[in-house]
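*Asks:* Before we start, here is the structure in question, set down as structure tokens.
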Amino acid sequence: KQWYQRRVREYFQHYYITNNLSSSMSVEQIAPLITQALSANKGEQDAAQEQLNVLNPHPDYATSLLSILLRQDAPLSVRQMAGVLLKQFAENSWQECPHTATKDIVKANILPGLGDSLSKVRSCVAAVVSEIACIDFPDNWTGLFDQLLSMMGTGEPNQVHGVMKVLSELASDITDSQVYTVAPVLFPRLIQLFETEAFGPATRARVLSIFGVFTTLISHMDTVDHAANENLLFPILPGLVDTTITLIGNPVTDKMDFKLQTECVNFLSKLVQTFPKQMGDKVSSALPVLWQLLTKNAENHITSVVNNPDHVEDDVDSDGSEIGFGSLVQAIFEFIQALTERKKYKAMIRKVLPDVLFYLITYLSIPEYQMELWNEDPEKYVEDDDEDSMNYTVRTGAMELLIDLATELKTTYVEALMNAITRHISSCPNISEGYNWKLYEACATAMNISGDVVEECLEAKKVDFNFGAFYSTVVLPGLSVDRPYLRGRLIWMTASYIKRLPNEESLNTLLECTCAALKPGTPAPVMIGAMKGVYAMCAELTEPEEKQVLHKSMEHIIPSLFDLAGNMEGDLLMLCLDSLRVSVSFRPDIVAVEADKVNKFLVELFVRHASDTFVVSQVNDVLITLAEIPECRGSIQNNVVPVLLQILRSPKSTSPKKQSEDDEEDMRTEVLDLLTTFIRKTPVPLPDVYTNEVFPAAMALTIGCVKDSTAILQSGGECVRACLAQSFQQVSTLNINGITGMEYTMQLIGKMLDPEVSEYGALYAGRLVSSLIKHAGAALNINQILQAVLNKLTKCESPTIQQSLLVVFIKLFNHDLEGSMSFLQSINTPSGENGLVYVLKSWCEIQEMFTGEYETKVAVIALTKFLPHLLATDSPLSQIMVSDEEISLEGGRITRSTKAPQGPTMIPITVKIFKILVQEFGNVLEELEAEKNGGLSDDEDDVEDDEEDVEPQFVSIAQLAHMLGDDDDEDEDTRDDPVNEIDLHSHLQQFLTQLSTHGTYSQLCQALNENERTVLNSLQVSGS
């Protein structure tokens, strides 16, 4: 009855409104609805919103909202709500709105609102204008830009403020073709505003933000139009930069001054990165100003932020950006980072590096307010203290810059770091006094995050550092002070330098502190430091004799970590599990004794955290480590596998939490991946639980999944392949409800290669097919499978999937070139193209994008067989034409170099294969050169040159693929392939040398580009 009454009331409201406002809508009629929408009563809010939604299509809706927004005598809250509704209309309905007159009225009358006396109204109007401009400008709002410039020209502060908010949004929508029209008119106005103090820091900061957008746009244009920078930017930059540097040095009288200074520093960073040559003298002028800011405010930062428990975090402006000294410091850190990335400026940084590091360590100090947050939530400490943390603070900014400086400057950095730490410790020798402990913690943090570079330099005897003295003056006193954050940090840091400890006594002290810190009731920061310390020690001690150092301590560490894991959640649990994983490999005998208890505990964790993929992944890693211990495998089969099978069959009945369909799929995928690993690590013959239960369950789930369940298809296919690889005879002859394992596998392959199933479901189909061919041999109906592979290949667009399927044919070519070619010539694609022709063309088009060492080698060797065959016969295959497009990475973008306006050049397949082989030989040479030059580079030998004068080097997709390698682990099914024994460098060298004697060699060489000729010239053969 209530539902019926409500529907009747809604109908009459709808009828009344639409009929009474059908001809016109007045402000007086819509204003009450806006007031009602602001009501504290949710029911009234919802009712008003419903009626407003009904009115949305009315021709006068937008104009009525605009009238209210601009109405000076209306309450501010009502005007703001009208602005929000009008912005929503512009965002959701403007483009489809058929009422052209309404839109024209809005555009003709809204701009004066940018000069409203109330800042919040100006912001609302600016948001609406920006939203409409994104749709209509420039084609359907041709006069907008001129009107905005005219309003700027009045010099009236409110109008200028409103216009600037619009321009900051509009700038990113300016196109290359508009820049030459817009910039000459806009830039002088912007510079005038920037140099006029009366317009205030917020408006002036916005000017620089707009210039930043145009700088990016014009610099990109310059790659095509080489006069763009010279004509548009370079004439104005000197004066603009001078004003920017002056403003940075001005005293701060208001918090908004920090916003202006921050934007100024950000702008300088952009210019250094974009125009390093032109910024040379200006950097020299800016550095003293920035240095003074950083050093003069360091002491103030310590007193007002670090040691002030009442400090509040920086304010946030209307754009959502933080306003305060913290943001300015971050900008200065990023400026220094930008300098270190340029050889031209590295010398400047080296000269002042000891002082830079001295103050960076100061900014590493932990603020009181942050400690309070961490005390309430230790997980936040784990998150914030990570060098990859997304939560920016002055401390994390200093950590990030230290890491960058260490990476770029190496030896110089380490020497400067030792100098800075010595100065700090000398300035406050009493660690127990006041807040001195924070400075000690900051020094330890700097040592911690610089560990890899410090160790590298010490190992290479590039620096002289007495860790024993550091231990005596910093570590030992710090471990005895009741400061949890200091003690935790010192345990972790010292563990990272365990090989540098001066004597056995110091080692015993570290191990005792670590074991004690892992007991229940220990303050969270100390426990966290100890868990990280355990991981660090295990990472450092890699040799068998080194591992003996932890042998006895692991009897306390491993049980303690298991106990802690049972009472932890989130990031703390993941940290604990990570430490547990590396510890188990040190003393597998400890967990082997309690294997059943340990495995039951881990599988309970798996189930309890089933919806948290990060925790589940960590649990899996521990279980995988246990699977490598022979004494634990039986326990895994008895205690873990049955639970995993239950999850595969019915995840809802297993998980304590309600699961969405996506969660269920993720959970099953994790289970399939884990079972695959268990199978791979189990010696043959496989136990019955894998052949009789896991194989049928994985098969049923994968074949029965919906077509878009690509993750299940991928993981399920890999699980089935593992079973076949480990115990083919057992699995293939298995009878599952009257169907053999072989027949089931054929069904699965058919599903993965179904043209209607997502191509990503076939990511590992090629591996499964190759594995089946390898193990089944003549017993397999290979013709049917290869036809399905070919058909699927024609439907795939992703190079990764195409590679997976092409490798099936490539392996066959290596095994039997003539027979495989004959077969492919006898079949066609669904569109009627010859199978062999299609495979060869597809292969040549994506060979340079192949990833994975094995896959690349298999393909290259097959090409060295194909090319002589094509050159030695009159086969029509040699007349196949393929694209000679070169794919490169230009400025971070993947591009295709088109050699002619009408499209890419087409070349014979023999020429294309030759070019591919030369490119691959070049990649091999690069890898050998990289290995030869590996090790510690001496940063002192950096040559200071004008990098911008050097022709930019483009990275080809082939080079990128080789650099990235294959994300997947080595495919265990290919380990025994004889191809692995071939030295690709020798093979290609010999092949290309022999090819140089062929009659067509000179003709082939004519098609090479300059880089390819350079590679071939290294062979020093005639004709190249």
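Please note that chains go A, B, ... in the order of the structure tokens, that every chain numbers its residues from 1, and that ligands are numbered from 1 in the order shown.
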Could the residues of stretch 718-824 of chain A that have an atom at most 10 Å from stretch 671-677 of chain A be listed as a tab-separated table, each with its closest atom pair and the distance in Å to one decimal, counting only C-alpha atoms and ordered by chain and ascending residue number?
*Replies:*
```
residue	atom	partner	partner_atom	distance
A:Glu718	CA	A:Thr676	CA	6.9
A:Cys719	CA	A:Thr676	CA	4.7
A:Val720	CA	A:Thr676	CA	8.0
A:Arg721	CA	A:Thr676	CA	8.6
A:Ala722	CA	A:Thr676	CA	6.2
A:Cys723	CA	A:Thr676	CA	8.0
```
*Asks:* Got a sec: who's within 8 Å of stretch 461-463 of chain A, counting only C-alpha atoms, leaving out chain neighbours fewer than 4 positions off, as a list in words?
*Replies:*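 Non-adjacent residues within range: Thr411, Val414, Glu415 and Cys457 of chain A.
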*Asks:* Can you work out the spacing between atom CA of A:Val252 and atom CA of A:Lys438 in Å, to one decimal?
*Replies:* 27.8 Å
*Asks:* Between A:His775, A:Thr702, A:Arg500, A:Val689, which is the closest to A:Gln729 once you count only C-alpha atoms?
*Replies:* A:His775
*Asks:* Would you please work out which residue, of A:Gln278, A:Thr613, A:Gln787, A:Ser117, is nearest to A:Gly570 when using only C-alpha atoms?
*Replies:*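 Looking only at the distances to A:Gly570, the closest residue turns out to be A:Thr613.
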*Asks:* Considering only C-alpha atoms, can you say which of A:Ser450, A:Thr422, A:Ser804, A:Asn834 comes closest to A:Leu402?
*Replies:*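 The answer is A:Ser450, which sits nearest to A:Leu402.
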*Asks:* Compile a residue-level contact table for stretch 428-522 of chain A against stretch 532-535 of chain A at a cut-off of 7 Å, reporting for every qualifying residue the shortest atom pair and its distance in Å to one decimal, with only C-alpha atoms counted, rows ordered by chain and ascending number, as a Markdown table.
*Replies:*
```
| residue | atom | partner | partner_atom | distance |
| --- | --- | --- | --- | --- |
| A:Ile491 | CA | A:Gly533 | CA | 6.0 |
| A:Trp492 | CA | A:Gly533 | CA | 4.0 |
| A:Ala495 | CA | A:Gly533 | CA | 5.1 |
| A:Ser496 | CA | A:Gly533 | CA | 6.9 |
```
*Asks:* Going by DSSP on the backbone, which bits of stretch 723-831 of chain A are alpha helix (DSSP H)? Write them as a ChimeraX atom specification, please.
*Replies:* /A:723-726,728-732,741-752,765-776,782-793,799-815,817-825
*Asks:* To one decimal place in Å, what is the distance between atom CA of A:Gly761 and atom CA of A:Val808?
*Replies:*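 One can read the atom CA of A:Gly761 to atom CA of A:Val808 distance as 16.3 Å.
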*Asks:* Give me the residues within 10 Å of A:Thr494 as a CSV table (one decimal) with N, CA and C atoms, in the first residue's frame, counting only C-alpha atoms and dropping any in the same chain fewer than 3 places off.
*Replies:*
```
chain,number,residue,atom,x,y,z
A,444,ALA,N,70.7,6.2,10.6
A,444,ALA,CA,70.6,4.8,10.4
A,444,ALA,C,69.7,4.5,9.1
A,447,MET,N,71.7,5.1,6.0
A,447,MET,CA,72.6,4.0,5.8
A,447,MET,C,71.8,2.8,5.3
A,448,ASN,N,70.6,2.6,5.8
A,448,ASN,CA,69.7,1.5,5.4
A,448,ASN,C,69.3,1.6,3.9
A,467,PHE,N,83.0,0.5,9.6
A,467,PHE,CA,81.7,0.2,10.2
A,467,PHE,C,81.8,-0.2,11.6
A,471,TYR,N,79.3,1.3,14.4
A,471,TYR,CA,78.6,0.4,15.3
A,471,TYR,C,78.8,0.8,16.7
A,475,VAL,N,75.2,2.4,16.7
A,475,VAL,CA,74.3,1.2,16.9
A,475,VAL,C,74.2,0.7,18.4
A,489,ARG,N,64.8,0.4,13.8
A,489,ARG,CA,65.6,0.8,12.6
A,489,ARG,C,67.0,0.3,12.7
A,490,LEU,N,67.6,0.3,13.9
A,490,LEU,CA,69.0,-0.1,14.1
A,490,LEU,C,69.2,-1.6,13.9
A,491,ILE,N,68.2,-2.4,14.3
A,491,ILE,CA,68.2,-3.8,14.1
A,491,ILE,C,68.2,-4.1,12.6
A,497,TYR,N,74.0,-4.9,7.1
A,497,TYR,CA,75.4,-4.9,7.1
A,497,TYR,C,76.1,-6.0,7.9
A,498,ILE,N,75.4,-7.1,8.0
A,498,ILE,CA,75.8,-8.2,8.9
A,498,ILE,C,77.3,-8.7,8.6
A,499,LYS,N,77.6,-8.6,7.3
A,499,LYS,CA,79.0,-9.1,7.0
A,499,LYS,C,80.1,-8.0,7.4
A,500,ARG,N,79.6,-6.8,7.8
A,500,ARG,CA,80.6,-5.8,8.1
A,500,ARG,C,80.7,-5.7,9.7
A,501,LEU,N,80.0,-6.5,10.4
A,501,LEU,CA,80.1,-6.4,11.9
A,501,LEU,C,81.6,-6.7,12.3
A,506,SER,N,79.5,-8.4,18.5
A,506,SER,CA,78.5,-7.6,17.9
A,506,SER,C,77.5,-8.4,17.1
A,507,LEU,N,77.9,-9.5,16.5
A,507,LEU,CA,77.0,-10.4,15.8
A,507,LEU,C,76.0,-11.0,16.8
A,510,LEU,N,73.4,-8.5,17.8
A,510,LEU,CA,72.4,-8.4,16.8
A,510,LEU,C,71.4,-9.5,16.8
A,533,GLY,N,64.8,-7.1,9.5
A,533,GLY,CA,66.2,-7.5,9.8
A,533,GLY,C,66.4,-9.0,9.4
A,536,ALA,N,66.7,-9.2,5.8
A,536,ALA,CA,68.0,-8.7,5.3
A,536,ALA,C,69.1,-9.6,5.6
A,537,MET,N,69.1,-10.3,6.7
A,537,MET,CA,70.2,-11.2,7.0
A,537,MET,C,70.2,-12.4,6.0
```
*Asks:* Which of stretch 827-896 of chain A counts as strand (DSSP E) under DSSP, as a VMD selection string please?
*Replies:* chain A and resid 881 to 883 886 to 890 893 to 896
*Asks:* Would you output that residue set with N, CA, C and O atoms, as a PDB file, in the first residue's frame?
*Replies:*
```pdb
ATOM      1  N   MET A 881      55.597 -10.813 -50.130  1.00  0.00           N
ATOM      2  CA  MET A 881      55.989  -9.457 -49.757  1.00  0.00           C
ATOM      3  C   MET A 881      55.483  -9.147 -48.341  1.00  0.00           C
ATOM      4  O   MET A 881      54.330  -9.419 -48.014  1.00  0.00           O
ATOM      5  N   VAL A 882      56.356  -8.570 -47.530  1.00  0.00           N
ATOM      6  CA  VAL A 882      55.987  -8.227 -46.150  1.00  0.00           C
ATOM      7  C   VAL A 882      56.386  -6.785 -45.868  1.00  0.00           C
ATOM      8  O   VAL A 882      57.222  -6.196 -46.561  1.00  0.00           O
ATOM      9  N   SER A 883      55.807  -6.229 -44.804  1.00  0.00           N
ATOM     10  CA  SER A 883      56.049  -4.838 -44.452  1.00  0.00           C
ATOM     11  C   SER A 883      57.458  -4.653 -43.899  1.00  0.00           C
ATOM     12  O   SER A 883      57.970  -5.489 -43.158  1.00  0.00           O
ATOM     13  N   GLU A 886      59.550  -0.140 -39.376  1.00  0.00           N
ATOM     14  CA  GLU A 886      60.392  -0.244 -38.198  1.00  0.00           C
ATOM     15  C   GLU A 886      59.637   0.324 -37.015  1.00  0.00           C
ATOM     16  O   GLU A 886      59.205   1.474 -37.034  1.00  0.00           O
ATOM     17  N   ILE A 887      59.459  -0.495 -35.998  1.00  0.00           N
ATOM     18  CA  ILE A 887      58.758  -0.047 -34.803  1.00  0.00           C
ATOM     19  C   ILE A 887      59.800   0.406 -33.792  1.00  0.00           C
ATOM     20  O   ILE A 887      60.755  -0.305 -33.509  1.00  0.00           O
ATOM     21  N   SER A 888      59.636   1.614 -33.289  1.00  0.00           N
ATOM     22  CA  SER A 888      60.637   2.135 -32.348  1.00  0.00           C
ATOM     23  C   SER A 888      59.956   2.822 -31.183  1.00  0.00           C
ATOM     24  O   SER A 888      58.770   3.105 -31.212  1.00  0.00           O
ATOM     25  N   LEU A 889      60.760   3.087 -30.158  1.00  0.00           N
ATOM     26  CA  LEU A 889      60.272   3.776 -28.974  1.00  0.00           C
ATOM     27  C   LEU A 889      60.842   5.175 -29.013  1.00  0.00           C
ATOM     28  O   LEU A 889      62.012   5.386 -28.759  1.00  0.00           O
ATOM     29  N   GLU A 890      60.020   6.130 -29.383  1.00  0.00           N
ATOM     30  CA  GLU A 890      60.487   7.499 -29.553  1.00  0.00           C
ATOM     31  C   GLU A 890      59.898   8.357 -28.453  1.00  0.00           C
ATOM     32  O   GLU A 890      58.695   8.577 -28.387  1.00  0.00           O
ATOM     33  N   ARG A 893      57.145   6.775 -26.600  1.00  0.00           N
ATOM     34  CA  ARG A 893      55.955   6.369 -27.333  1.00  0.00           C
ATOM     35  C   ARG A 893      56.318   5.337 -28.380  1.00  0.00           C
ATOM     36  O   ARG A 893      57.351   5.441 -29.038  1.00  0.00           O
ATOM     37  N   ILE A 894      55.475   4.350 -28.557  1.00  0.00           N
ATOM     38  CA  ILE A 894      55.702   3.358 -29.605  1.00  0.00           C
ATOM     39  C   ILE A 894      55.225   3.950 -30.921  1.00  0.00           C
ATOM     40  O   ILE A 894      54.077   4.377 -31.048  1.00  0.00           O
ATOM     41  N   THR A 895      56.122   4.028 -31.885  1.00  0.00           N
ATOM     42  CA  THR A 895      55.772   4.627 -33.171  1.00  0.00           C
ATOM     43  C   THR A 895      56.227   3.724 -34.298  1.00  0.00           C
ATOM     44  O   THR A 895      57.113   2.901 -34.149  1.00  0.00           O
ATOM     45  N   ARG A 896      55.621   3.914 -35.478  1.00  0.00           N
ATOM     46  CA  ARG A 896      56.048   3.209 -36.682  1.00  0.00           C
ATOM     47  C   ARG A 896      56.603   4.251 -37.648  1.00  0.00           C
ATOM     48  O   ARG A 896      55.959   5.253 -37.926  1.00  0.00           O
TER      49      ARG A 896
END
```
*Asks:* Between A:Cys515, A:Val474, A:Ala446, A:Met531, single out the one closest to A:Ile431, counting only C-alpha atoms.
*Replies:*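 That would be A:Val474, the residue with the smallest distance to A:Ile431.
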*Asks:* At a cut-off of 9 Å, using only C-alpha atoms, what residues contact A:Pro367? Leave out same-chain residues fewer than 5 positions from it and give the result as a ChimeraX atom specification.
*Replies:* /A:302,305-309,311,372,395,438
*Asks:* Could you write out that same residue set with all heavy atoms as a PDB file, in the first residue's frame?
*Replies:*
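Ended up saving to out30.pdb:
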```pdb
ATOM      1  N   ILE A 302      62.627  21.218  12.191  1.00  0.00           N
ATOM      2  CA  ILE A 302      62.837  20.369  13.359  1.00  0.00           C
ATOM      3  C   ILE A 302      62.002  20.848  14.547  1.00  0.00           C
ATOM      4  O   ILE A 302      61.329  20.052  15.215  1.00  0.00           O
ATOM      5  CB  ILE A 302      64.334  20.344  13.739  1.00  0.00           C
ATOM      6  CG1 ILE A 302      65.144  19.646  12.646  1.00  0.00           C
ATOM      7  CG2 ILE A 302      64.541  19.633  15.079  1.00  0.00           C
ATOM      8  CD1 ILE A 302      64.826  18.190  12.452  1.00  0.00           C
ATOM      9  N   VAL A 305      57.898  21.158  13.336  1.00  0.00           N
ATOM     10  CA  VAL A 305      57.235  19.970  12.782  1.00  0.00           C
ATOM     11  C   VAL A 305      57.704  18.695  13.481  1.00  0.00           C
ATOM     12  O   VAL A 305      56.910  17.977  14.095  1.00  0.00           O
ATOM     13  CB  VAL A 305      57.483  19.858  11.261  1.00  0.00           C
ATOM     14  CG1 VAL A 305      56.809  18.598  10.703  1.00  0.00           C
ATOM     15  CG2 VAL A 305      56.948  21.079  10.536  1.00  0.00           C
ATOM     16  N   VAL A 306      59.000  18.423  13.403  1.00  0.00           N
ATOM     17  CA  VAL A 306      59.521  17.146  13.897  1.00  0.00           C
ATOM     18  C   VAL A 306      59.303  16.988  15.397  1.00  0.00           C
ATOM     19  O   VAL A 306      58.838  15.940  15.862  1.00  0.00           O
ATOM     20  CB  VAL A 306      61.022  17.013  13.547  1.00  0.00           C
ATOM     21  CG1 VAL A 306      61.622  15.779  14.218  1.00  0.00           C
ATOM     22  CG2 VAL A 306      61.194  16.928  12.035  1.00  0.00           C
ATOM     23  N   ASN A 307      59.625  18.018  16.171  1.00  0.00           N
ATOM     24  CA  ASN A 307      59.547  17.907  17.628  1.00  0.00           C
ATOM     25  C   ASN A 307      58.322  18.597  18.216  1.00  0.00           C
ATOM     26  O   ASN A 307      58.271  18.837  19.428  1.00  0.00           O
ATOM     27  CB  ASN A 307      60.818  18.490  18.260  1.00  0.00           C
ATOM     28  CG  ASN A 307      62.061  17.729  17.823  1.00  0.00           C
ATOM     29  OD1 ASN A 307      61.979  16.560  17.462  1.00  0.00           O
ATOM     30  ND2 ASN A 307      63.208  18.391  17.834  1.00  0.00           N
ATOM     31  N   ASN A 308      57.354  18.917  17.384  1.00  0.00           N
ATOM     32  CA  ASN A 308      56.149  19.619  17.833  1.00  0.00           C
ATOM     33  C   ASN A 308      54.959  18.671  17.807  1.00  0.00           C
ATOM     34  O   ASN A 308      54.420  18.383  16.738  1.00  0.00           O
ATOM     35  CB  ASN A 308      55.887  20.820  16.925  1.00  0.00           C
ATOM     36  CG  ASN A 308      54.634  21.578  17.340  1.00  0.00           C
ATOM     37  OD1 ASN A 308      54.096  21.377  18.433  1.00  0.00           O
ATOM     38  ND2 ASN A 308      54.172  22.456  16.466  1.00  0.00           N
ATOM     39  N   PRO A 309      54.510  18.199  18.976  1.00  0.00           N
ATOM     40  CA  PRO A 309      53.383  17.244  18.989  1.00  0.00           C
ATOM     41  C   PRO A 309      52.062  17.865  18.544  1.00  0.00           C
ATOM     42  O   PRO A 309      51.120  17.147  18.200  1.00  0.00           O
ATOM     43  CB  PRO A 309      53.313  16.807  20.465  1.00  0.00           C
ATOM     44  CG  PRO A 309      53.994  17.884  21.221  1.00  0.00           C
ATOM     45  CD  PRO A 309      55.038  18.468  20.325  1.00  0.00           C
ATOM     46  N   HIS A 311      51.722  19.876  15.924  1.00  0.00           N
ATOM     47  CA  HIS A 311      51.768  20.250  14.510  1.00  0.00           C
ATOM     48  C   HIS A 311      50.608  19.598  13.751  1.00  0.00           C
ATOM     49  O   HIS A 311      50.247  18.441  13.979  1.00  0.00           O
ATOM     50  CB  HIS A 311      53.086  19.795  13.880  1.00  0.00           C
ATOM     51  CG  HIS A 311      53.123  19.945  12.387  1.00  0.00           C
ATOM     52  ND1 HIS A 311      53.306  21.155  11.764  1.00  0.00           N
ATOM     53  CD2 HIS A 311      52.979  19.025  11.381  1.00  0.00           C
ATOM     54  CE1 HIS A 311      53.287  20.979  10.459  1.00  0.00           C
ATOM     55  NE2 HIS A 311      53.095  19.700  10.196  1.00  0.00           N
ATOM     56  N   GLU A 372      52.584   9.441  16.292  1.00  0.00           N
ATOM     57  CA  GLU A 372      51.279   9.187  16.917  1.00  0.00           C
ATOM     58  C   GLU A 372      50.385   8.375  15.983  1.00  0.00           C
ATOM     59  O   GLU A 372      49.684   7.452  16.419  1.00  0.00           O
ATOM     60  CB  GLU A 372      50.608  10.517  17.282  1.00  0.00           C
ATOM     61  CG  GLU A 372      51.308  11.267  18.419  1.00  0.00           C
ATOM     62  CD  GLU A 372      50.633  12.592  18.738  1.00  0.00           C
ATOM     63  OE1 GLU A 372      49.511  12.811  18.227  1.00  0.00           O
ATOM     64  OE2 GLU A 372      51.228  13.404  19.463  1.00  0.00           O
ATOM     65  N   ARG A 395      59.708  13.256   4.925  1.00  0.00           N
ATOM     66  CA  ARG A 395      60.617  12.130   5.190  1.00  0.00           C
ATOM     67  C   ARG A 395      60.708  11.200   3.977  1.00  0.00           C
ATOM     68  O   ARG A 395      61.810  10.839   3.542  1.00  0.00           O
ATOM     69  CB  ARG A 395      60.125  11.364   6.418  1.00  0.00           C
ATOM     70  CG  ARG A 395      60.943  10.110   6.762  1.00  0.00           C
ATOM     71  CD  ARG A 395      60.361   9.466   8.021  1.00  0.00           C
ATOM     72  NE  ARG A 395      60.833   8.109   8.242  1.00  0.00           N
ATOM     73  CZ  ARG A 395      61.919   7.770   8.948  1.00  0.00           C
ATOM     74  NH1 ARG A 395      62.655   8.727   9.493  1.00  0.00           N
ATOM     75  NH2 ARG A 395      62.261   6.514   9.116  1.00  0.00           N
ATOM     76  N   LYS A 438      66.267  10.952  17.349  1.00  0.00           N
ATOM     77  CA  LYS A 438      65.671  11.034  16.010  1.00  0.00           C
ATOM     78  C   LYS A 438      66.751  11.237  14.951  1.00  0.00           C
ATOM     79  O   LYS A 438      66.646  10.720  13.831  1.00  0.00           O
ATOM     80  CB  LYS A 438      64.654  12.172  15.955  1.00  0.00           C
ATOM     81  CG  LYS A 438      63.400  11.931  16.780  1.00  0.00           C
ATOM     82  CD  LYS A 438      62.367  13.013  16.524  1.00  0.00           C
ATOM     83  CE  LYS A 438      61.100  12.751  17.325  1.00  0.00           C
ATOM     84  NZ  LYS A 438      60.062  13.756  17.043  1.00  0.00           N
TER      85      LYS A 438
END
```
*Asks:* For A:Asp708, list every protein, DNA or RNA residue within 12 Å, evaluated using only C-alpha atoms, and leave out those in the same chain fewer than 6 positions away; present the list as a ChimeraX atom specification.
*Replies:* /A:662,665,702,714,751-752,754,756-762
*Asks:* Would you please work out which residue, of A:Ile210, A:Gln370, A:Met399, A:Asp281, is nearest to A:Met348 when using only C-alpha atoms?
*Replies:*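 With only C-alpha atoms as the atom set, the closest residue is A:Asp281.
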*Asks:* For A:Ala205, which of A:Asp666, A:Glu263, A:Asp384, A:Asp257 is the closest residue, counting only C-alpha atoms?
*Replies:*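 Of the candidates, the smallest distance to A:Ala205 is held by A:Glu263.
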*Asks:* Which residues are close to A:Lys912, i.e. within 8 Å by only C-alpha atoms, leaving aside same-chain residues fewer than 3 positions away? Reply as a list in words.
*Replies:*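 The residues satisfying every condition are Cys844, Val882, Asp884, Ile907, Pro908, Ile909, Lys915 and Ile916 of chain A.
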*Asks:* Keeping only N, CA, C and O atoms, write the selected residues as a PDB file, in the first residue's frame.
*Replies:*
```
ATOM      1  N   CYS A 844      57.142 -12.904 -39.491  1.00  0.00           N
ATOM      2  CA  CYS A 844      58.077 -11.828 -39.824  1.00  0.00           C
ATOM      3  C   CYS A 844      57.612 -10.476 -39.292  1.00  0.00           C
ATOM      4  O   CYS A 844      58.427  -9.622 -38.945  1.00  0.00           O
ATOM      5  N   VAL A 882      56.356  -8.570 -47.530  1.00  0.00           N
ATOM      6  CA  VAL A 882      55.987  -8.227 -46.150  1.00  0.00           C
ATOM      7  C   VAL A 882      56.386  -6.785 -45.868  1.00  0.00           C
ATOM      8  O   VAL A 882      57.222  -6.196 -46.561  1.00  0.00           O
ATOM      9  N   ASP A 884      58.067  -3.527 -44.253  1.00  0.00           N
ATOM     10  CA  ASP A 884      59.389  -3.182 -43.719  1.00  0.00           C
ATOM     11  C   ASP A 884      59.276  -2.049 -42.698  1.00  0.00           C
ATOM     12  O   ASP A 884      60.205  -1.266 -42.521  1.00  0.00           O
ATOM     13  N   ILE A 907      58.682  -5.406 -48.869  1.00  0.00           N
ATOM     14  CA  ILE A 907      59.911  -6.029 -49.352  1.00  0.00           C
ATOM     15  C   ILE A 907      59.731  -7.542 -49.415  1.00  0.00           C
ATOM     16  O   ILE A 907      58.867  -8.101 -48.744  1.00  0.00           O
ATOM     17  N   PRO A 908      60.558  -8.231 -50.220  1.00  0.00           N
ATOM     18  CA  PRO A 908      60.460  -9.703 -50.288  1.00  0.00           C
ATOM     19  C   PRO A 908      60.752 -10.327 -48.923  1.00  0.00           C
ATOM     20  O   PRO A 908      61.561  -9.801 -48.144  1.00  0.00           O
ATOM     21  N   ILE A 909      60.156 -11.454 -48.652  1.00  0.00           N
ATOM     22  CA  ILE A 909      60.317 -12.107 -47.358  1.00  0.00           C
ATOM     23  C   ILE A 909      61.768 -12.512 -47.108  1.00  0.00           C
ATOM     24  O   ILE A 909      62.235 -12.511 -45.965  1.00  0.00           O
ATOM     25  N   LYS A 915      67.144  -9.149 -42.720  1.00  0.00           N
ATOM     26  CA  LYS A 915      67.190  -7.970 -41.843  1.00  0.00           C
ATOM     27  C   LYS A 915      66.922  -8.371 -40.384  1.00  0.00           C
ATOM     28  O   LYS A 915      67.574  -7.880 -39.462  1.00  0.00           O
ATOM     29  N   ILE A 916      65.961  -9.274 -40.177  1.00  0.00           N
ATOM     30  CA  ILE A 916      65.654  -9.737 -38.817  1.00  0.00           C
ATOM     31  C   ILE A 916      66.871 -10.407 -38.190  1.00  0.00           C
ATOM     32  O   ILE A 916      67.215 -10.155 -37.027  1.00  0.00           O
TER      33      ILE A 916
END
```
*Asks:* Leaving out A:Phe194 and any residue of its chain fewer than 4 positions from it, which residues lie within 9 Å of it when counting only C-alpha atoms, given as a PyMOL selection string?
*Replies:* chain A and resi 189-190+199+203-205+207-208+240+243-244
*Asks:* Enter the distance from atom CA of A:Ser842 to atom CA of A:Gln803, in Å, rounded to one decimal.
*Replies:*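 These atoms are spaced 9.2 Å apart.
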